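K.L.:
Dropping in protein-v6.cif, with mmCIF, C-alpha atoms, pLDDT in the B column; chains and numbers go by the auth columns.
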```cif
data_my_file
loop_
_atom_site.group_PDB
_atom_site.id
_atom_site.type_symbol
_atom_site.label_atom_id
_atom_site.label_comp_id
_atom_site.label_asym_id
_atom_site.label_seq_id
_atom_site.Cartn_x
_atom_site.Cartn_y
_atom_site.Cartn_z
_atom_site.B_iso_or_equiv
_atom_site.auth_seq_id
_atom_site.auth_asym_id
ATOM 1 C CA SER A 1 -28.868 -28.439 6.309 80.00 1 A
ATOM 2 C CA ASN A 2 -25.550 -27.935 8.056 88.00 2 A
ATOM 3 C CA THR A 3 -24.348 -31.439 7.136 92.00 3 A
ATOM 4 C CA GLU A 4 -24.963 -30.838 3.430 94.00 4 A
ATOM 5 C CA ALA A 5 -23.292 -27.440 3.586 94.00 5 A
ATOM 6 C CA LEU A 6 -20.294 -29.048 5.271 95.00 6 A
ATOM 7 C CA GLN A 7 -20.086 -31.790 2.641 95.00 7 A
ATOM 8 C CA GLU A 8 -20.241 -29.213 -0.136 94.00 8 A
ATOM 9 C CA VAL A 9 -17.419 -27.119 1.308 95.00 9 A
ATOM 10 C CA GLU A 10 -15.274 -30.205 2.040 95.00 10 A
ATOM 11 C CA GLN A 11 -15.785 -31.341 -1.554 94.00 11 A
ATOM 12 C CA ARG A 12 -14.496 -27.985 -2.799 93.00 12 A
ATOM 13 C CA LEU A 13 -11.538 -28.045 -0.408 93.00 13 A
ATOM 14 C CA LYS A 14 -10.394 -31.364 -1.925 93.00 14 A
ATOM 15 C CA HIS A 15 -10.152 -29.883 -5.403 91.00 15 A
ATOM 16 C CA GLU A 16 -9.151 -26.291 -4.764 89.00 16 A
ATOM 17 C CA LYS A 17 -5.816 -25.273 -6.313 86.00 17 A
ATOM 18 C CA SER A 18 -5.791 -21.598 -5.285 86.00 18 A
ATOM 19 C CA ARG A 19 -4.329 -21.026 -1.838 86.00 19 A
ATOM 20 C CA ARG A 20 -6.535 -17.985 -1.323 86.00 20 A
ATOM 21 C CA MET A 21 -9.748 -19.826 -2.231 90.00 21 A
ATOM 22 C CA PHE A 22 -8.700 -22.772 -0.075 92.00 22 A
ATOM 23 C CA GLU A 23 -8.371 -20.353 2.828 93.00 23 A
ATOM 24 C CA ARG A 24 -11.871 -18.970 2.192 94.00 24 A
ATOM 25 C CA TYR A 25 -13.446 -22.429 2.016 95.00 25 A
ATOM 26 C CA GLN A 26 -11.522 -23.473 5.118 96.00 26 A
ATOM 27 C CA THR A 27 -12.942 -20.431 6.931 96.00 27 A
ATOM 28 C CA ILE A 28 -16.491 -21.523 6.040 96.00 28 A
ATOM 29 C CA ARG A 29 -15.776 -25.123 7.040 96.00 29 A
ATOM 30 C CA LEU A 30 -14.582 -23.992 10.478 96.00 30 A
ATOM 31 C CA TYR A 31 -17.565 -21.640 10.742 97.00 31 A
ATOM 32 C CA LEU A 32 -19.965 -24.515 9.941 97.00 32 A
ATOM 33 C CA LEU A 33 -18.183 -26.595 12.595 96.00 33 A
ATOM 34 C CA SER A 34 -19.125 -23.838 15.095 96.00 34 A
ATOM 35 C CA HIS A 35 -15.639 -22.455 15.705 97.00 35 A
ATOM 36 C CA ASP A 36 -15.753 -18.846 16.838 96.00 36 A
ATOM 37 C CA TYR A 37 -14.331 -16.014 14.742 96.00 37 A
ATOM 38 C CA SER A 38 -11.203 -15.570 16.838 95.00 38 A
ATOM 39 C CA GLN A 39 -10.329 -19.289 16.606 95.00 39 A
ATOM 40 C CA ILE A 40 -10.881 -19.238 12.849 95.00 40 A
ATOM 41 C CA ALA A 41 -8.789 -16.057 12.492 93.00 41 A
ATOM 42 C CA THR A 42 -5.943 -17.705 14.399 92.00 42 A
ATOM 43 C CA SER A 43 -6.049 -20.907 12.396 92.00 43 A
ATOM 44 C CA ILE A 44 -6.091 -19.220 8.962 90.00 44 A
ATOM 45 C CA GLY A 45 -3.731 -16.419 9.995 89.00 45 A
ATOM 46 C CA ARG A 46 -6.124 -13.579 9.163 88.00 46 A
ATOM 47 C CA SER A 47 -7.915 -10.918 11.169 90.00 47 A
ATOM 48 C CA GLU A 48 -11.341 -11.516 12.696 93.00 48 A
ATOM 49 C CA TYR A 49 -12.575 -8.772 10.394 91.00 49 A
ATOM 50 C CA THR A 50 -11.528 -10.825 7.344 91.00 50 A
ATOM 51 C CA VAL A 51 -13.168 -13.956 8.776 94.00 51 A
ATOM 52 C CA LYS A 52 -16.407 -12.020 9.360 94.00 52 A
ATOM 53 C CA GLU A 53 -16.301 -10.695 5.798 92.00 53 A
ATOM 54 C CA TYR A 54 -15.910 -14.241 4.364 94.00 54 A
ATOM 55 C CA VAL A 55 -18.772 -15.532 6.522 95.00 55 A
ATOM 56 C CA ARG A 56 -20.987 -12.552 5.658 93.00 56 A
ATOM 57 C CA THR A 57 -20.344 -13.103 1.942 92.00 57 A
ATOM 58 C CA TYR A 58 -21.010 -16.840 2.319 94.00 58 A
ATOM 59 C CA ARG A 59 -24.296 -16.284 4.134 93.00 59 A
ATOM 60 C CA LYS A 60 -25.433 -13.797 1.542 91.00 60 A
ATOM 61 C CA HIS A 61 -24.174 -15.464 -1.674 90.00 61 A
ATOM 62 C CA GLY A 62 -23.191 -19.051 -0.814 91.00 62 A
ATOM 63 C CA LEU A 63 -19.835 -20.650 -1.629 91.00 63 A
ATOM 64 C CA ASP A 64 -19.840 -19.191 -5.132 88.00 64 A
ATOM 65 C CA GLY A 65 -19.936 -15.730 -3.602 88.00 65 A
ATOM 66 C CA LEU A 66 -16.467 -16.390 -2.197 89.00 66 A
ATOM 67 C CA ILE A 67 -14.963 -16.891 -5.645 85.00 67 A
ATOM 68 C CA MET A 68 -12.764 -13.925 -6.390 71.00 68 A
ATOM 69 C CA LYS A 69 -13.826 -11.848 -9.333 63.00 69 A
ATOM 70 C CA PHE A 70 -10.903 -9.525 -8.692 53.00 70 A
ATOM 71 C CA SER A 71 -8.322 -8.916 -6.026 50.00 71 A
ATOM 72 C CA THR A 72 -9.852 -7.602 -2.848 50.00 72 A
ATOM 73 C CA GLY A 73 -6.797 -5.395 -2.340 54.00 73 A
ATOM 74 C CA ALA A 74 -7.869 -1.793 -1.880 58.00 74 A
ATOM 75 C CA PRO A 75 -7.739 0.021 -5.209 57.00 75 A
ATOM 76 C CA GLU A 76 -4.971 2.535 -5.626 58.00 76 A
ATOM 77 C CA ARG A 77 -6.653 5.827 -5.091 80.00 77 A
ATOM 78 C CA LEU A 78 -4.371 7.798 -7.379 86.00 78 A
ATOM 79 C CA THR A 79 -4.276 6.916 -11.059 86.00 79 A
ATOM 80 C CA LYS A 80 -0.952 5.890 -12.609 87.00 80 A
ATOM 81 C CA GLU A 81 -0.762 9.352 -14.229 89.00 81 A
ATOM 82 C CA GLN A 82 -1.348 11.077 -10.890 92.00 82 A
ATOM 83 C CA GLN A 83 1.257 8.870 -9.232 92.00 83 A
ATOM 84 C CA SER A 84 3.896 9.692 -11.825 92.00 84 A
ATOM 85 C CA GLN A 85 2.969 13.389 -11.670 93.00 85 A
ATOM 86 C CA LEU A 86 3.402 13.208 -7.876 93.00 86 A
ATOM 87 C CA LYS A 87 6.757 11.462 -8.230 93.00 87 A
ATOM 88 C CA GLN A 88 8.026 14.128 -10.654 92.00 88 A
ATOM 89 C CA THR A 89 6.872 16.900 -8.327 91.00 89 A
ATOM 90 C CA ILE A 90 8.745 15.339 -5.412 89.00 90 A
ATOM 91 C CA ILE A 91 11.881 14.867 -7.511 87.00 91 A
ATOM 92 C CA ASP A 92 11.772 18.244 -9.267 88.00 92 A
ATOM 93 C CA SER A 93 10.437 20.620 -6.615 87.00 93 A
ATOM 94 C CA LEU A 94 10.799 21.468 -2.986 84.00 94 A
ATOM 95 C CA PRO A 95 7.635 21.806 -0.897 87.00 95 A
ATOM 96 C CA HIS A 96 7.963 25.591 -0.570 84.00 96 A
ATOM 97 C CA GLU A 97 8.049 25.832 -4.385 85.00 97 A
ATOM 98 C CA VAL A 98 4.609 24.224 -4.570 85.00 98 A
ATOM 99 C CA GLY A 99 3.054 26.386 -1.895 84.00 99 A
ATOM 100 C CA PHE A 100 3.987 24.904 1.465 79.00 100 A
ATOM 101 C CA PRO A 101 5.299 27.800 3.531 71.00 101 A
ATOM 102 C CA ALA A 102 8.791 27.513 4.972 59.00 102 A
ATOM 103 C CA LYS A 103 8.997 23.784 4.291 61.00 103 A
ATOM 104 C CA PHE A 104 12.234 22.867 2.627 67.00 104 A
ATOM 105 C CA ASN A 105 11.942 19.068 2.646 80.00 105 A
ATOM 106 C CA TRP A 106 9.340 16.539 1.595 86.00 106 A
ATOM 107 C CA THR A 107 8.004 14.537 4.517 85.00 107 A
ATOM 108 C CA LEU A 108 5.235 11.937 4.504 87.00 108 A
ATOM 109 C CA GLU A 109 2.923 14.480 6.160 87.00 109 A
ATOM 110 C CA ILE A 110 3.591 17.120 3.518 88.00 110 A
ATOM 111 C CA ILE A 111 3.186 14.566 0.713 91.00 111 A
ATOM 112 C CA ALA A 112 -0.186 13.532 2.215 90.00 112 A
ATOM 113 C CA LEU A 113 -1.261 17.205 2.358 88.00 113 A
ATOM 114 C CA TYR A 114 -0.076 17.728 -1.217 90.00 114 A
ATOM 115 C CA ILE A 115 -2.047 14.677 -2.424 89.00 115 A
ATOM 116 C CA HIS A 116 -5.133 15.968 -0.615 86.00 116 A
ATOM 117 C CA ARG A 117 -4.735 19.435 -2.087 85.00 117 A
ATOM 118 C CA GLU A 118 -3.915 18.390 -5.654 87.00 118 A
ATOM 119 C CA PHE A 119 -5.947 15.212 -6.106 84.00 119 A
ATOM 120 C CA GLY A 120 -8.582 15.416 -3.362 83.00 120 A
ATOM 121 C CA ARG A 121 -7.554 12.024 -1.965 85.00 121 A
ATOM 122 C CA ASP A 122 -6.791 11.209 1.637 85.00 122 A
ATOM 123 C CA TYR A 123 -3.947 8.884 2.544 87.00 123 A
ATOM 124 C CA SER A 124 -2.673 7.763 5.906 86.00 124 A
ATOM 125 C CA ILE A 125 1.002 8.352 6.608 86.00 125 A
ATOM 126 C CA ARG A 126 1.509 4.595 6.211 88.00 126 A
ATOM 127 C CA GLY A 127 -0.327 4.696 2.887 89.00 127 A
ATOM 128 C CA VAL A 128 1.904 7.506 1.634 90.00 128 A
ATOM 129 C CA SER A 129 4.966 5.610 2.826 90.00 129 A
ATOM 130 C CA LYS A 130 3.906 2.481 0.907 90.00 130 A
ATOM 131 C CA MET A 131 3.211 4.520 -2.228 92.00 131 A
ATOM 132 C CA MET A 132 6.628 6.209 -2.044 91.00 132 A
ATOM 133 C CA HIS A 133 8.188 2.764 -1.791 90.00 133 A
ATOM 134 C CA ARG A 134 6.201 1.531 -4.832 90.00 134 A
ATOM 135 C CA LEU A 135 7.274 4.634 -6.765 91.00 135 A
ATOM 136 C CA GLY A 136 10.928 3.865 -6.013 88.00 136 A
ATOM 137 C CA LEU A 137 11.381 6.867 -3.733 86.00 137 A
ATOM 138 C CA SER A 138 13.109 6.472 -0.434 79.00 138 A
ATOM 139 C CA TYR A 139 13.538 8.724 2.556 71.00 139 A
ATOM 140 C CA THR A 140 17.088 9.942 2.744 64.00 140 A
ATOM 141 C CA LYS A 141 17.648 12.553 5.406 56.00 141 A
ATOM 142 C CA PRO A 142 16.313 15.131 5.030 54.00 142 A
ATOM 143 C CA THR A 143 14.034 14.526 2.036 55.00 143 A
ATOM 144 C CA TYR A 144 12.562 12.022 -0.413 57.00 144 A
ATOM 145 C CA THR A 145 14.803 11.355 -3.380 55.00 145 A
ATOM 146 C CA LEU A 146 15.118 8.740 -6.074 55.00 146 A
ATOM 147 C CA ALA A 147 16.216 5.587 -4.294 55.00 147 A
ATOM 148 C CA ALA A 148 18.823 4.518 -6.793 51.00 148 A
ATOM 149 C CA ALA A 149 20.239 7.953 -7.549 53.00 149 A
ATOM 150 C CA ASP A 150 23.895 7.863 -8.411 56.00 150 A
ATOM 151 C CA LYS A 151 25.991 9.567 -5.678 60.00 151 A
ATOM 152 C CA GLU A 152 28.480 11.104 -8.139 62.00 152 A
ATOM 153 C CA LYS A 153 25.668 12.457 -10.331 58.00 153 A
ATOM 154 C CA GLN A 154 23.953 13.877 -7.240 56.00 154 A
ATOM 155 C CA LYS A 155 27.179 15.632 -6.232 61.00 155 A
ATOM 156 C CA GLU A 156 27.611 17.065 -9.766 60.00 156 A
ATOM 157 C CA PHE A 157 23.972 18.155 -9.794 55.00 157 A
ATOM 158 C CA VAL A 158 24.247 19.868 -6.413 56.00 158 A
ATOM 159 C CA GLU A 159 27.539 21.543 -7.357 57.00 159 A
ATOM 160 C CA SER A 160 26.258 22.733 -10.716 56.00 160 A
ATOM 161 C CA THR A 161 22.978 23.920 -9.200 54.00 161 A
ATOM 162 C CA PHE A 162 24.526 25.543 -6.142 57.00 162 A
ATOM 163 C CA PRO A 163 28.078 26.539 -7.107 54.00 163 A
ATOM 164 C CA GLU A 164 28.479 28.306 -3.751 54.00 164 A
ATOM 165 C CA LEU A 165 28.370 24.870 -2.029 54.00 165 A
ATOM 166 C CA LYS A 166 31.445 23.753 -3.947 53.00 166 A
ATOM 167 C CA LYS A 167 33.394 26.734 -2.552 52.00 167 A
ATOM 168 C CA LEU A 168 32.098 26.009 0.961 51.00 168 A
ATOM 169 C CA ARG A 169 33.181 22.401 0.697 50.00 169 A
ATOM 170 C CA ARG A 170 36.687 23.392 -0.374 54.00 170 A
ATOM 171 C CA ARG A 171 37.021 25.752 2.576 52.00 171 A
ATOM 172 C CA ARG A 172 36.049 23.041 5.018 50.00 172 A
ATOM 173 C CA ASN A 173 38.512 20.472 3.715 49.00 173 A
#
```
Please rewrite the model in this file as structure tokens.
P.N.:
Amino acid sequence: SNTEALQEVEQRLKHEKSRRMFERYQTIRLYLLSHDYSQIATSIGRSEYTVKEYVRTYRKHGLDGLIMKFSTGAPERLTKEQQSQLKQTIIDSLPHEVGFPAKFNWTLEIIALYIHREFGRDYSIRGVSKMMHRLGLSYTKPTYTLAAADKEKQKEFVESTFPELKKLRRRRN
């Protein structure tokens, strides 16, 4: 019955140490008290989609079904090896060197296309942006570079790689 179900969930709420499990039990409690999904979503600070998922799981597997066996975070779709390979490519090559015509700089769009081409995985622009952040790469006009790159070392690198730039710089100053 609903009363028993409510007592069971309230019992668990009293003893739950994990904030995330508390939130799941609280969702079910509010559901059993006939709150609608949007009210529940507002009170637990989650989307209606998440609330519906918790309720669906509860109805199918009971309270124990809500216990997390693993993080529900979406799995990273590129392996660690692929991610570090990607990072090296971005650091060591320009897009036109890996087959993107007339593209001199890495952009999120080009990185997404590269990932699709090389690894057969599709990422949103936001997903690529988050991955670049995790990999310690940051967008510095006009291209992705190592976030913490040393300015002096960069200057030396550029000047030793493109000696003609050093001459140009002198002329300007």
K.L.:
Would you translate the PyMOL selection byres ((chain A and resi 119) around 12) into the concrete set of residues it matches in this file, as a list of chain:residue names?
P.N.:
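That expression, the PyMOL selection byres ((chain A and resi 119) around 12), corresponds here to A:Arg77, A:Leu78, A:Thr79, A:Glu81, A:Gln82, A:Gln83, A:Gln85, A:Leu86, A:Ile111, A:Ala112, A:Leu113, A:Tyr114, A:Ile115, A:His116, A:Arg117, A:Glu118, A:Gly120, A:Arg121, A:Asp122, A:Tyr123.
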K.L.:
Would you mind telling me which residue in A:Val51, A:Leu66, A:Ile44, A:Ile90 lies nearest to Leu135 in chain A when using all atoms listed in the file?
P.N.:
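That would be A:Ile90, the residue with the smallest distance to Leu135 in chain A.
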K.L.:
Residue by residue, what does the PyMOL selection byres ((chain A and resi 38) around 12) grab here? Present the result as a list of chain:residue names.
P.N.:
A:Thr27, A:Leu30, A:Tyr31, A:Ser34, A:His35, A:Asp36, A:Tyr37, A:Gln39, A:Ile40, A:Ala41, A:Thr42, A:Ser43, A:Ile44, A:Gly45, A:Arg46, A:Ser47, A:Glu48, A:Tyr49, A:Thr50, A:Val51, A:Lys52
K.L.:
Can you work out the spacing between CA of Ile67 in chain A and CA of Gln26 in chain A in Å, to one decimal?
P.N.:
13.1 Å
K.L.:
Return the single residue from A:Lys87, A:Met68, A:Leu94, A:His61 that is closest to Ser18 in chain A, with distances computed using all atoms listed in the file.
P.N.:
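Closest to Ser18 in chain A, using all atoms listed in the file: A:Met68.
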K.L.:
Grab the CA of Leu6 in chain A to CA of Phe22 in chain A distance for me, in Å with one decimal place.
P.N.:
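CA of Phe22 in chain A lies at a distance of 14.2 Å from CA of Leu6 in chain A.
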K.L.:
Hey, which of A:Ser93, A:Gln88, A:Thr57, A:Ser129 ends up closest to Thr107 in chain A? Count all atoms listed in the file.
P.N.:
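Once distances to Thr107 in chain A are computed over all atoms listed in the file, the minimum belongs to A:Ser129.
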K.L.:
So how far away is CA of Arg134 in chain A from CA of Tyr54 in chain A, in Å?
P.N.:
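Going from CA of Tyr54 in chain A over to CA of Arg134 in chain A covers 28.7 Å.
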